[in-house]
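Asker: To be precise about what I am sending: the file is called input.cif and holds mmCIF, C-alpha atoms.
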```cif
data_coords
loop_
_atom_site.group_PDB
_atom_site.id
_atom_site.type_symbol
_atom_site.label_atom_id
_atom_site.label_comp_id
_atom_site.auth_asym_id
_atom_site.auth_seq_id
_atom_site.Cartn_x
_atom_site.Cartn_y
_atom_site.Cartn_z
ATOM 1 C CA MET A 1 -20.026 47.696 -2.856
ATOM 2 C CA LEU A 2 -19.717 47.055 0.895
ATOM 3 C CA ALA A 3 -22.786 44.832 0.825
ATOM 4 C CA ALA A 4 -21.268 42.781 -1.999
ATOM 5 C CA LEU A 5 -18.016 42.292 -0.059
ATOM 6 C CA ILE A 6 -19.908 41.227 3.036
ATOM 7 C CA ALA A 7 -21.971 38.753 1.006
ATOM 8 C CA ALA A 8 -18.845 37.344 -0.637
ATOM 9 C CA ALA A 9 -17.142 36.946 2.739
ATOM 10 C CA ALA A 10 -20.201 35.197 4.156
ATOM 11 C CA ALA A 11 -20.342 32.823 1.189
ATOM 12 C CA GLN A 12 -16.633 32.043 1.577
ATOM 13 C CA ALA A 13 -17.108 31.337 5.290
ATOM 14 C CA GLN A 14 -19.839 28.803 4.438
ATOM 15 C CA THR A 15 -17.709 27.027 1.823
ATOM 16 C CA PRO A 16 -15.564 24.162 3.252
ATOM 17 C CA GLN A 17 -11.881 24.874 2.889
ATOM 18 C CA ARG A 18 -9.974 22.679 0.458
ATOM 19 C CA PRO A 19 -6.372 22.953 1.605
ATOM 20 C CA PHE A 20 -5.178 20.391 -0.962
ATOM 21 C CA ALA A 21 -6.855 21.917 -4.022
ATOM 22 C CA GLY A 22 -4.564 21.871 -7.031
ATOM 23 C CA GLN A 23 -1.904 19.773 -5.270
ATOM 24 C CA THR A 24 -0.749 16.171 -5.770
ATOM 25 C CA ILE A 25 -1.396 13.571 -3.070
ATOM 26 C CA VAL A 26 0.640 10.350 -3.161
ATOM 27 C CA LEU A 27 -0.850 7.174 -1.692
ATOM 28 C CA VAL A 28 2.079 4.905 -0.804
ATOM 29 C CA GLU A 29 1.320 1.198 -0.457
ATOM 30 C CA PRO A 30 3.665 -1.761 0.119
ATOM 31 C CA SER A 31 2.275 -4.729 -1.790
ATOM 32 C CA GLY A 32 1.841 -4.068 -5.502
ATOM 33 C CA GLN A 33 -0.723 -4.564 -8.241
ATOM 34 C CA GLY A 34 -3.747 -6.693 -7.399
ATOM 35 C CA THR A 35 -3.230 -6.705 -3.619
ATOM 36 C CA VAL A 36 -5.574 -5.371 -0.939
ATOM 37 C CA THR A 37 -3.676 -2.155 -0.224
ATOM 38 C CA HIS A 38 -3.083 -1.357 -3.889
ATOM 39 C CA TYR A 39 -6.658 -2.115 -4.860
ATOM 40 C CA VAL A 40 -8.108 -0.055 -1.997
ATOM 41 C CA ALA A 41 -5.902 2.880 -2.986
ATOM 42 C CA GLU A 42 -7.040 2.649 -6.612
ATOM 43 C CA VAL A 43 -10.721 2.353 -5.654
ATOM 44 C CA LEU A 44 -10.515 5.411 -3.403
ATOM 45 C CA LYS A 45 -8.472 7.508 -5.822
ATOM 46 C CA PRO A 46 -11.360 9.032 -7.868
ATOM 47 C CA GLY A 47 -13.366 9.939 -4.771
ATOM 48 C CA LEU A 48 -10.338 11.453 -3.074
ATOM 49 C CA GLU A 49 -9.572 13.565 -6.115
ATOM 50 C CA GLN A 50 -13.129 14.853 -6.194
ATOM 51 C CA ALA A 51 -13.294 15.548 -2.445
ATOM 52 C CA LEU A 52 -9.884 17.209 -2.232
ATOM 53 C CA GLY A 53 -9.749 18.923 -5.604
ATOM 54 C CA ALA A 54 -6.297 17.351 -5.947
ATOM 55 C CA THR A 55 -4.500 14.895 -8.181
ATOM 56 C CA VAL A 56 -3.991 11.537 -6.452
ATOM 57 C CA ALA A 57 -1.231 9.104 -7.443
ATOM 58 C CA VAL A 58 -0.741 5.555 -6.171
ATOM 59 C CA GLU A 59 2.894 4.556 -5.571
ATOM 60 C CA THR A 60 4.071 1.066 -4.654
ATOM 61 C CA VAL A 61 7.121 1.032 -2.378
ATOM 62 C CA ALA A 62 7.476 -2.700 -2.037
ATOM 63 C CA SER A 63 8.998 -4.777 0.737
ATOM 64 C CA PRO A 64 7.679 -7.978 2.310
ATOM 65 C CA ASP A 65 7.461 -6.497 5.816
ATOM 66 C CA THR A 66 6.049 -3.069 4.699
ATOM 67 C CA THR A 67 9.106 -1.293 6.158
ATOM 68 C CA LYS A 68 10.149 0.614 3.021
ATOM 69 C CA ALA A 69 6.679 2.074 2.486
ATOM 70 C CA PHE A 70 6.411 2.930 6.173
ATOM 71 C CA ASP A 71 9.798 4.669 6.189
ATOM 72 C CA ARG A 72 8.896 6.615 3.035
ATOM 73 C CA VAL A 73 5.851 8.141 4.738
ATOM 74 C CA ASN A 74 7.380 8.444 8.196
ATOM 75 C CA ALA A 75 10.156 10.613 6.737
ATOM 76 C CA ALA A 76 7.864 12.746 4.549
ATOM 77 C CA ARG A 77 6.960 16.369 5.297
ATOM 78 C CA ALA A 78 3.962 16.810 7.582
ATOM 79 C CA ASP A 79 1.892 18.491 4.883
ATOM 80 C CA GLY A 80 -0.550 15.653 4.156
ATOM 81 C CA ARG A 81 0.628 15.111 0.603
ATOM 82 C CA THR A 82 2.285 11.733 1.257
ATOM 83 C CA LEU A 83 0.029 9.110 2.818
ATOM 84 C CA LEU A 84 0.368 5.413 3.679
ATOM 85 C CA VAL A 85 -2.194 2.717 2.897
ATOM 86 C CA VAL A 86 -1.297 -0.333 4.976
ATOM 87 C CA THR A 87 -2.976 -3.068 6.990
ATOM 88 C CA ASP A 88 -2.637 -2.144 10.639
ATOM 89 C CA ALA A 89 -1.905 -5.690 11.790
ATOM 90 C CA SER A 90 0.971 -6.014 9.302
ATOM 91 C CA ARG A 91 2.847 -3.138 10.897
ATOM 92 C CA LEU A 92 1.863 -4.080 14.446
ATOM 93 C CA PHE A 93 2.980 -7.701 14.079
ATOM 94 C CA HIS A 94 6.272 -6.527 12.606
ATOM 95 C CA GLU A 95 6.803 -4.037 15.408
ATOM 96 C CA TYR A 96 5.881 -6.550 18.089
ATOM 97 C CA LEU A 97 8.269 -9.179 16.719
ATOM 98 C CA ALA A 98 11.094 -7.063 15.316
ATOM 99 C CA ALA A 99 10.883 -4.027 17.650
ATOM 100 C CA PRO A 100 11.878 -1.424 15.028
ATOM 101 C CA ARG A 101 12.575 2.119 16.129
ATOM 102 C CA ASN A 102 9.773 3.684 14.103
ATOM 103 C CA LYS A 103 6.305 2.567 15.178
ATOM 104 C CA ILE A 104 2.962 3.007 13.478
ATOM 105 C CA GLU A 105 1.652 4.924 16.507
ATOM 106 C CA PHE A 106 4.043 7.742 15.554
ATOM 107 C CA LEU A 107 2.127 8.313 12.308
ATOM 108 C CA THR A 108 -1.036 10.412 12.146
ATOM 109 C CA PRO A 109 -4.112 8.168 11.762
ATOM 110 C CA ILE A 110 -6.479 9.430 9.069
ATOM 111 C CA ALA A 111 -9.139 6.774 8.432
ATOM 112 C CA LYS A 112 -9.908 3.100 8.697
ATOM 113 C CA LEU A 113 -10.541 2.015 5.099
ATOM 114 C CA THR A 114 -11.782 -1.588 5.334
ATOM 115 C CA ASP A 115 -13.231 -4.048 7.741
ATOM 116 C CA GLY A 116 -10.993 -6.966 8.682
ATOM 117 C CA VAL A 117 -9.605 -9.152 5.890
ATOM 118 C CA SER A 118 -8.552 -12.678 6.786
ATOM 119 C CA LEU A 119 -5.539 -14.558 5.438
ATOM 120 C CA ALA A 120 -5.720 -17.763 3.428
ATOM 121 C CA LEU A 121 -3.209 -20.560 3.209
ATOM 122 C CA ALA A 122 -3.558 -21.370 -0.487
ATOM 123 C CA VAL A 123 -2.404 -23.834 -3.131
ATOM 124 C CA ARG A 124 -2.917 -24.202 -6.863
ATOM 125 C CA ALA A 125 -6.285 -25.645 -7.795
ATOM 126 C CA ASP A 126 -4.583 -28.798 -9.143
ATOM 127 C CA SER A 127 -2.362 -29.308 -6.067
ATOM 128 C CA PRO A 128 -2.267 -32.809 -4.552
ATOM 129 C CA ILE A 129 -2.675 -31.066 -1.171
ATOM 130 C CA THR A 130 -6.458 -30.988 -1.336
ATOM 131 C CA ASP A 131 -7.429 -29.885 2.174
ATOM 132 C CA TYR A 132 -6.107 -29.045 5.638
ATOM 133 C CA ALA A 133 -5.800 -32.709 6.658
ATOM 134 C CA ALA A 134 -3.586 -33.384 3.644
ATOM 135 C CA LEU A 135 -1.514 -30.325 4.487
ATOM 136 C CA ALA A 136 -1.063 -31.414 8.110
ATOM 137 C CA ALA A 137 0.085 -34.840 6.913
ATOM 138 C CA ALA A 138 2.504 -33.240 4.453
ATOM 139 C CA LEU A 139 4.011 -31.033 7.181
ATOM 140 C CA LYS A 140 4.892 -34.140 9.192
ATOM 141 C CA SER A 141 6.363 -35.968 6.219
ATOM 142 C CA GLY A 142 9.918 -35.986 4.987
ATOM 143 C CA ARG A 143 8.804 -33.961 1.956
ATOM 144 C CA ALA A 144 7.204 -30.951 3.603
ATOM 145 C CA PRO A 145 5.817 -28.447 1.052
ATOM 146 C CA SER A 146 7.624 -25.193 0.324
ATOM 147 C CA LEU A 147 6.023 -21.976 1.548
ATOM 148 C CA ALA A 148 5.882 -18.429 0.150
ATOM 149 C CA LEU A 149 4.931 -15.614 2.521
ATOM 150 C CA ASN A 150 5.619 -11.942 3.255
ATOM 151 C CA ALA A 151 7.921 -12.289 6.254
ATOM 152 C CA ASN A 152 8.120 -14.106 9.574
ATOM 153 C CA THR A 153 7.376 -10.810 11.343
ATOM 154 C CA THR A 154 4.042 -10.189 9.571
ATOM 155 C CA PRO A 155 0.566 -11.718 10.011
ATOM 156 C CA SER A 156 1.548 -14.258 7.330
ATOM 157 C CA GLY A 157 4.507 -15.435 9.397
ATOM 158 C CA VAL A 158 2.413 -15.687 12.538
ATOM 159 C CA PHE A 159 -0.300 -17.605 10.675
ATOM 160 C CA ALA A 160 2.294 -20.023 9.297
ATOM 161 C CA ALA A 161 3.676 -20.602 12.801
ATOM 162 C CA MET A 162 0.171 -21.187 14.157
ATOM 163 C CA VAL A 163 -0.534 -23.799 11.456
ATOM 164 C CA GLU A 164 2.804 -25.512 12.114
ATOM 165 C CA ASP A 165 2.206 -25.614 15.863
ATOM 166 C CA GLN A 166 -1.281 -27.063 15.523
ATOM 167 C CA ALA A 167 -0.202 -29.620 12.905
ATOM 168 C CA ASN A 168 2.961 -30.470 14.866
ATOM 169 C CA GLY A 169 5.011 -30.207 11.689
ATOM 170 C CA ARG A 170 7.029 -27.718 9.675
ATOM 171 C CA PHE A 171 6.972 -26.274 6.177
ATOM 172 C CA GLY A 172 9.941 -26.863 3.915
ATOM 173 C CA GLU A 173 11.901 -24.150 2.129
ATOM 174 C CA ARG A 174 10.541 -20.616 2.650
ATOM 175 C CA THR A 175 10.666 -17.700 0.251
ATOM 176 C CA PHE A 176 9.790 -14.150 1.278
ATOM 177 C CA GLU A 177 8.011 -12.016 -1.292
ATOM 178 C CA ILE A 178 5.267 -9.423 -1.606
ATOM 179 C CA ASP A 179 1.711 -10.561 -2.285
ATOM 180 C CA PHE A 180 1.542 -10.431 -6.074
ATOM 181 C CA GLN A 181 4.856 -12.326 -6.318
ATOM 182 C CA ILE A 182 3.473 -15.025 -4.028
ATOM 183 C CA ASP A 183 0.408 -15.298 -6.256
ATOM 184 C CA ASP A 184 2.599 -15.588 -9.358
ATOM 185 C CA GLY A 185 4.912 -18.081 -7.639
ATOM 186 C CA LEU A 186 2.056 -20.401 -6.741
ATOM 187 C CA ARG A 187 0.706 -20.355 -10.283
ATOM 188 C CA ALA A 188 4.171 -21.009 -11.732
ATOM 189 C CA GLY A 189 4.902 -23.800 -9.249
ATOM 190 C CA ARG A 190 7.838 -22.023 -7.597
ATOM 191 C CA ALA A 191 6.156 -22.596 -4.229
ATOM 192 C CA GLN A 192 3.700 -25.305 -3.237
ATOM 193 C CA VAL A 193 1.853 -23.295 -0.581
ATOM 194 C CA GLY A 194 1.426 -19.551 -0.125
ATOM 195 C CA ILE A 195 -0.183 -17.232 2.398
ATOM 196 C CA LEU A 196 -2.266 -14.423 0.899
ATOM 197 C CA PRO A 197 -5.162 -12.183 1.943
ATOM 198 C CA THR A 198 -8.428 -13.955 1.158
ATOM 199 C CA ALA A 199 -9.216 -11.043 -1.168
ATOM 200 C CA ALA A 200 -6.273 -12.116 -3.354
ATOM 201 C CA LEU A 201 -8.140 -15.320 -4.239
ATOM 202 C CA PHE A 202 -10.594 -13.334 -6.354
ATOM 203 C CA ARG A 203 -10.085 -11.373 -9.535
ATOM 204 C CA PRO A 204 -11.332 -7.760 -9.652
ATOM 205 C CA SER A 205 -14.267 -9.124 -11.690
ATOM 206 C CA GLY A 206 -15.302 -11.093 -8.620
ATOM 207 C CA LYS A 207 -14.566 -14.488 -10.183
ATOM 208 C CA PRO A 208 -12.326 -16.964 -8.313
ATOM 209 C CA ASN A 209 -8.784 -17.357 -9.589
ATOM 210 C CA GLU A 210 -6.850 -20.592 -10.012
ATOM 211 C CA LEU A 211 -5.869 -20.845 -6.334
ATOM 212 C CA ARG A 212 -7.627 -22.849 -3.626
ATOM 213 C CA ALA A 213 -7.793 -21.942 0.068
ATOM 214 C CA LEU A 214 -7.027 -24.743 2.541
ATOM 215 C CA VAL A 215 -7.571 -22.803 5.768
ATOM 216 C CA THR A 216 -8.191 -19.168 6.728
ATOM 217 C CA SER A 217 -7.301 -17.010 9.715
ATOM 218 C CA GLY A 218 -10.689 -15.425 10.452
ATOM 219 C CA ALA A 219 -13.137 -16.233 13.209
ATOM 220 C CA ARG A 220 -15.715 -17.400 10.624
ATOM 221 C CA ARG A 221 -15.545 -18.962 7.181
ATOM 222 C CA HIS A 222 -15.246 -16.466 4.360
ATOM 223 C CA PRO A 223 -18.680 -16.251 2.689
ATOM 224 C CA ARG A 224 -17.151 -16.766 -0.735
ATOM 225 C CA LEU A 225 -14.849 -19.564 0.418
ATOM 226 C CA PRO A 226 -17.394 -21.856 2.085
ATOM 227 C CA ASP A 227 -15.229 -24.968 1.687
ATOM 228 C CA ALA A 228 -12.237 -23.451 3.490
ATOM 229 C CA PRO A 229 -12.427 -23.912 7.267
ATOM 230 C CA THR A 230 -10.828 -21.522 9.716
ATOM 231 C CA LEU A 231 -7.920 -22.597 11.897
ATOM 232 C CA ALA A 232 -10.020 -21.753 14.951
ATOM 233 C CA GLU A 233 -12.762 -24.052 13.668
ATOM 234 C CA ILE A 234 -10.378 -26.935 12.967
ATOM 235 C CA THR A 235 -8.630 -26.725 16.322
ATOM 236 C CA GLY A 236 -11.586 -25.672 18.470
ATOM 237 C CA LYS A 237 -9.483 -22.763 19.776
ATOM 238 C CA ALA A 238 -11.358 -19.517 19.262
ATOM 239 C CA LYS A 239 -8.300 -17.399 20.079
ATOM 240 C CA LEU A 240 -6.507 -18.703 16.972
ATOM 241 C CA SER A 241 -8.168 -16.157 14.712
ATOM 242 C CA PHE A 242 -7.362 -12.682 13.445
ATOM 243 C CA THR A 243 -7.949 -10.324 10.536
ATOM 244 C CA ALA A 244 -6.178 -7.218 9.251
ATOM 245 C CA ALA A 245 -7.877 -3.924 8.320
ATOM 246 C CA ALA A 246 -6.462 -1.416 5.852
ATOM 247 C CA GLY A 247 -5.890 2.060 7.248
ATOM 248 C CA LEU A 248 -4.783 5.437 5.928
ATOM 249 C CA PHE A 249 -1.944 7.203 7.750
ATOM 250 C CA ALA A 250 -0.090 10.513 7.351
ATOM 251 C CA PRO A 251 3.399 11.512 8.561
ATOM 252 C CA PRO A 252 3.885 12.402 12.245
ATOM 253 C CA ASN A 253 2.748 15.781 13.562
ATOM 254 C CA LEU A 254 0.323 16.542 10.754
ATOM 255 C CA PRO A 255 -1.666 19.705 11.644
ATOM 256 C CA LEU A 256 -5.162 18.901 12.892
ATOM 257 C CA GLU A 257 -6.969 20.856 10.184
ATOM 258 C CA LEU A 258 -5.156 18.919 7.450
ATOM 259 C CA ALA A 259 -5.822 15.592 9.155
ATOM 260 C CA GLU A 260 -9.508 16.405 9.446
ATOM 261 C CA ALA A 261 -9.716 17.424 5.796
ATOM 262 C CA LEU A 262 -8.118 14.137 4.745
ATOM 263 C CA THR A 263 -10.429 12.133 7.015
ATOM 264 C CA ARG A 264 -13.514 13.783 5.506
ATOM 265 C CA ALA A 265 -12.202 13.126 2.013
ATOM 266 C CA ALA A 266 -11.430 9.448 2.757
ATOM 267 C CA ILE A 267 -14.925 8.847 4.132
ATOM 268 C CA ALA A 268 -16.481 10.609 1.141
ATOM 269 C CA ALA A 269 -14.340 8.543 -1.248
ATOM 270 C CA GLY A 270 -15.478 5.335 0.434
ATOM 271 C CA GLN A 271 -19.088 6.379 -0.054
ATOM 272 C CA ALA A 272 -18.654 7.488 -3.674
ATOM 273 C CA PRO A 273 -21.019 5.791 -6.153
ATOM 274 C CA GLY A 274 -19.849 2.300 -6.996
ATOM 275 C CA ALA A 275 -16.795 2.294 -4.705
ATOM 276 C CA LYS A 276 -18.072 -0.354 -2.283
ATOM 277 C CA ASP A 277 -19.530 -2.500 -5.059
ATOM 278 C CA LYS A 278 -16.268 -2.406 -6.999
ATOM 279 C CA ALA A 279 -14.280 -3.384 -3.903
ATOM 280 C CA ALA A 280 -16.760 -6.117 -2.952
ATOM 281 C CA LYS A 281 -16.299 -7.825 -6.320
ATOM 282 C CA ALA A 282 -12.638 -8.239 -5.420
ATOM 283 C CA GLY A 283 -13.524 -9.582 -1.970
ATOM 284 C CA ILE A 284 -12.505 -6.389 -0.133
ATOM 285 C CA PRO A 285 -14.894 -5.082 2.577
ATOM 286 C CA LEU A 286 -14.460 -1.356 1.932
ATOM 287 C CA ASN A 287 -15.822 0.624 4.898
ATOM 288 C CA ALA A 288 -14.169 4.029 5.344
ATOM 289 C CA GLN A 289 -14.486 5.383 8.889
ATOM 290 C CA ASN A 290 -12.814 8.103 10.928
ATOM 291 C CA ALA A 291 -9.449 8.201 12.694
ATOM 292 C CA LEU A 292 -10.935 7.257 16.069
ATOM 293 C CA VAL A 293 -12.244 4.000 14.600
ATOM 294 C CA LEU A 294 -8.794 3.338 13.133
ATOM 295 C CA ARG A 295 -7.191 3.871 16.548
ATOM 296 C CA GLU A 296 -9.710 1.474 18.110
ATOM 297 C CA SER A 297 -8.953 -1.095 15.393
ATOM 298 C CA MET A 298 -5.231 -0.819 16.124
ATOM 299 C CA ALA A 299 -5.839 -1.231 19.852
ATOM 300 C CA ARG A 300 -7.883 -4.396 19.206
ATOM 301 C CA ALA A 301 -5.189 -5.723 16.884
ATOM 302 C CA LYS A 302 -2.554 -5.194 19.571
ATOM 303 C CA ARG A 303 -4.633 -7.128 22.100
ATOM 304 C CA VAL A 304 -5.113 -9.977 19.637
ATOM 305 C CA ILE A 305 -1.398 -10.028 18.818
ATOM 306 C CA ALA A 306 -0.433 -10.137 22.483
ATOM 307 C CA ASP A 307 -2.935 -12.937 23.059
ATOM 308 C CA LEU A 308 -1.671 -14.957 20.099
ATOM 309 C CA LEU A 309 2.014 -14.570 20.901
ATOM 310 C CA ASN A 310 1.723 -14.886 24.687
ATOM 311 C CA PRO A 311 -0.668 -17.799 25.283
#
```
What is this structure when it is put down as C-alpha cells?

Answerer:
Amino acid sequence: MLAALIAAAAAQAQTPQRPFAGQTIVLVEPSGQGTVTHYVAEVLKPGLEQALGATVAVETVASPDTTKAFDRVNAARADGRTLLVVTDASRLFHEYLAAPRNKIEFLTPIAKLTDGVSLALAVRADSPITDYAALAAALKSGRAPSLALNANTTPSGVFAAMVEDQANGRFGERTFEIDFQIDDGLRAGRAQVGILPTAALFRPSGKPNELRALVTSGARRHPRLPDAPTLAEITGKAKLSFTAAAGLFAPPNLPLELAEALTRAAIAAGQAPGAKDKAAKAGIPLNAQNALVLRESMARAKRVIADLLNP
C-alpha cells in the first residue's frame, strides 16, 4: 500500500500541473471578425484548449483605439482567465500620443504571437487612384480622397500622417472605425482610401480580396504584394517604416506560475499541427514565442515610435 502511494506521488510530481483545467479562458481582442487579432485568437484557440485542458472563448470588445479591450483585461481578476490579444504597437502608439493612465507595461506579458505585420494604404481594385503617385497628386488636389482608419493615435493614424507629410498634402474627410468596418466601407464606397493590416488584404483561403494596396509601412515589400512599394522605398528614408506584432497579455500582477503555464500553452498552440499554415494563408506570420521576446518587441516598438515622432 505504501509503495503504491509513493509511486502515485512520484507520477504526480512528474506530471505538469494544469492550473486551468476545466476552466474557461476568454481571449479578448479589439478588432472583430477577419482581422489580425481575431484571426490569431481563433487559430490559437484549439491548441490552447488542448494545452490547458480548458475551454477557450474569443470575445471582441471593439473600439478603434483598442482602449475598451485593454480596459476590460486591465480590470479583470489576476487569475489568468481573461487575456488580451492586441498588437503591441497599437497600444504603444496610443499611449505615446494620448498618454492614458493605464499603460500596456502594467499588464503581464505572456507571449509574442506573430512576427511584425505591416500596414497597407488600400483602395478598391477599381479605384481611379491606381498607385502612390496618383494618391500623392490627389492629396494635393481640391478633391482629396476620404480616409477610413482606426484612430489618429494608432499606427494607422501615424502612417496616414507620414504619407501626408511626404506627399505634402492632406486627406479629405476622415472616419474612424475598426478594421472590418474599414474593409466593408472601402468595398461599399463609403471611403475612398483605408488603412488596414496587410493581412486584411487576403481572405482566410489565401486568395487576394477586392482591395489593392498603394503603399505599405514595412521596411520591405510584402512578398504577396510585390506591386505595392513601401513608404521608405518611395521616399528613400529608411526610418519611415514600422510593423506591429500581436502579443498575448494577462491582467496586472498575475502569479508567476500562472503566467508560465499560459506562456507554455501559447507556444504549444502556435506549434500545433496546421496552425502556422492556416495563419500563413491569411497573410499572418504566426510565430509564438515567450514573454521575454514580447518585452523585447515592445522595447523595439517604443524606440521606433520615438524615432518616428521625434525626427

Asker: Would you kindly translate the PyMOL selection byres ((chain A and resi 279) around 12) into the concrete residues it picks from this file, as a ChimeraX atom specification?

Answerer: /A:34-44,113-115,199-200,202-206,270-278,280-288

Asker: Pick from A:Val86, A:Leu214, A:Val61, A:Ala99: nearest to Asp131 of chain A, with all atoms listed in the file counted?

Answerer: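 Ranking A:Val86, A:Leu214, A:Val61, A:Ala99 by distance to Asp131 of chain A, first place goes to A:Leu214.
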
Asker: For a test of reading the model, state the distance in Å between atom CA of Gln181 of chain A and atom CA of Ser127 of chain A, rounded to one decimal.

Answerer: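 That distance, rounded to one decimal, is 18.5 Å.
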
Asker: For the file shown, report as a ChimeraX atom specification the outcome of the PyMOL selection byres ((chain A and resi 49) around 12) at residue level.

Answerer: /A:18,20-27,41-48,50-58,262,265-266,268-269,272

Asker: May I ask for the distance between atom CA of Leu258 of chain A and atom CA of Ala75 of chain A, given in Å to one decimal place?

Answerer: 17.4 Å

Asker: Name the residues that the PyMOL selection byres ((chain A and resi 130) around 12) pulls out of this structure, and write them as a ChimeraX atom specification.

Answerer: /A:121-129,131-138,192-193,211-215,227-228

Asker: Quote the spacing between atom CA of Thr216 of chain A and atom CA of Pro109 of chain A in Å to one decimal place.

Answerer: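 Computing the Euclidean distance for atom CA of Thr216 of chain A and atom CA of Pro109 of chain A yields 28.1 Å.
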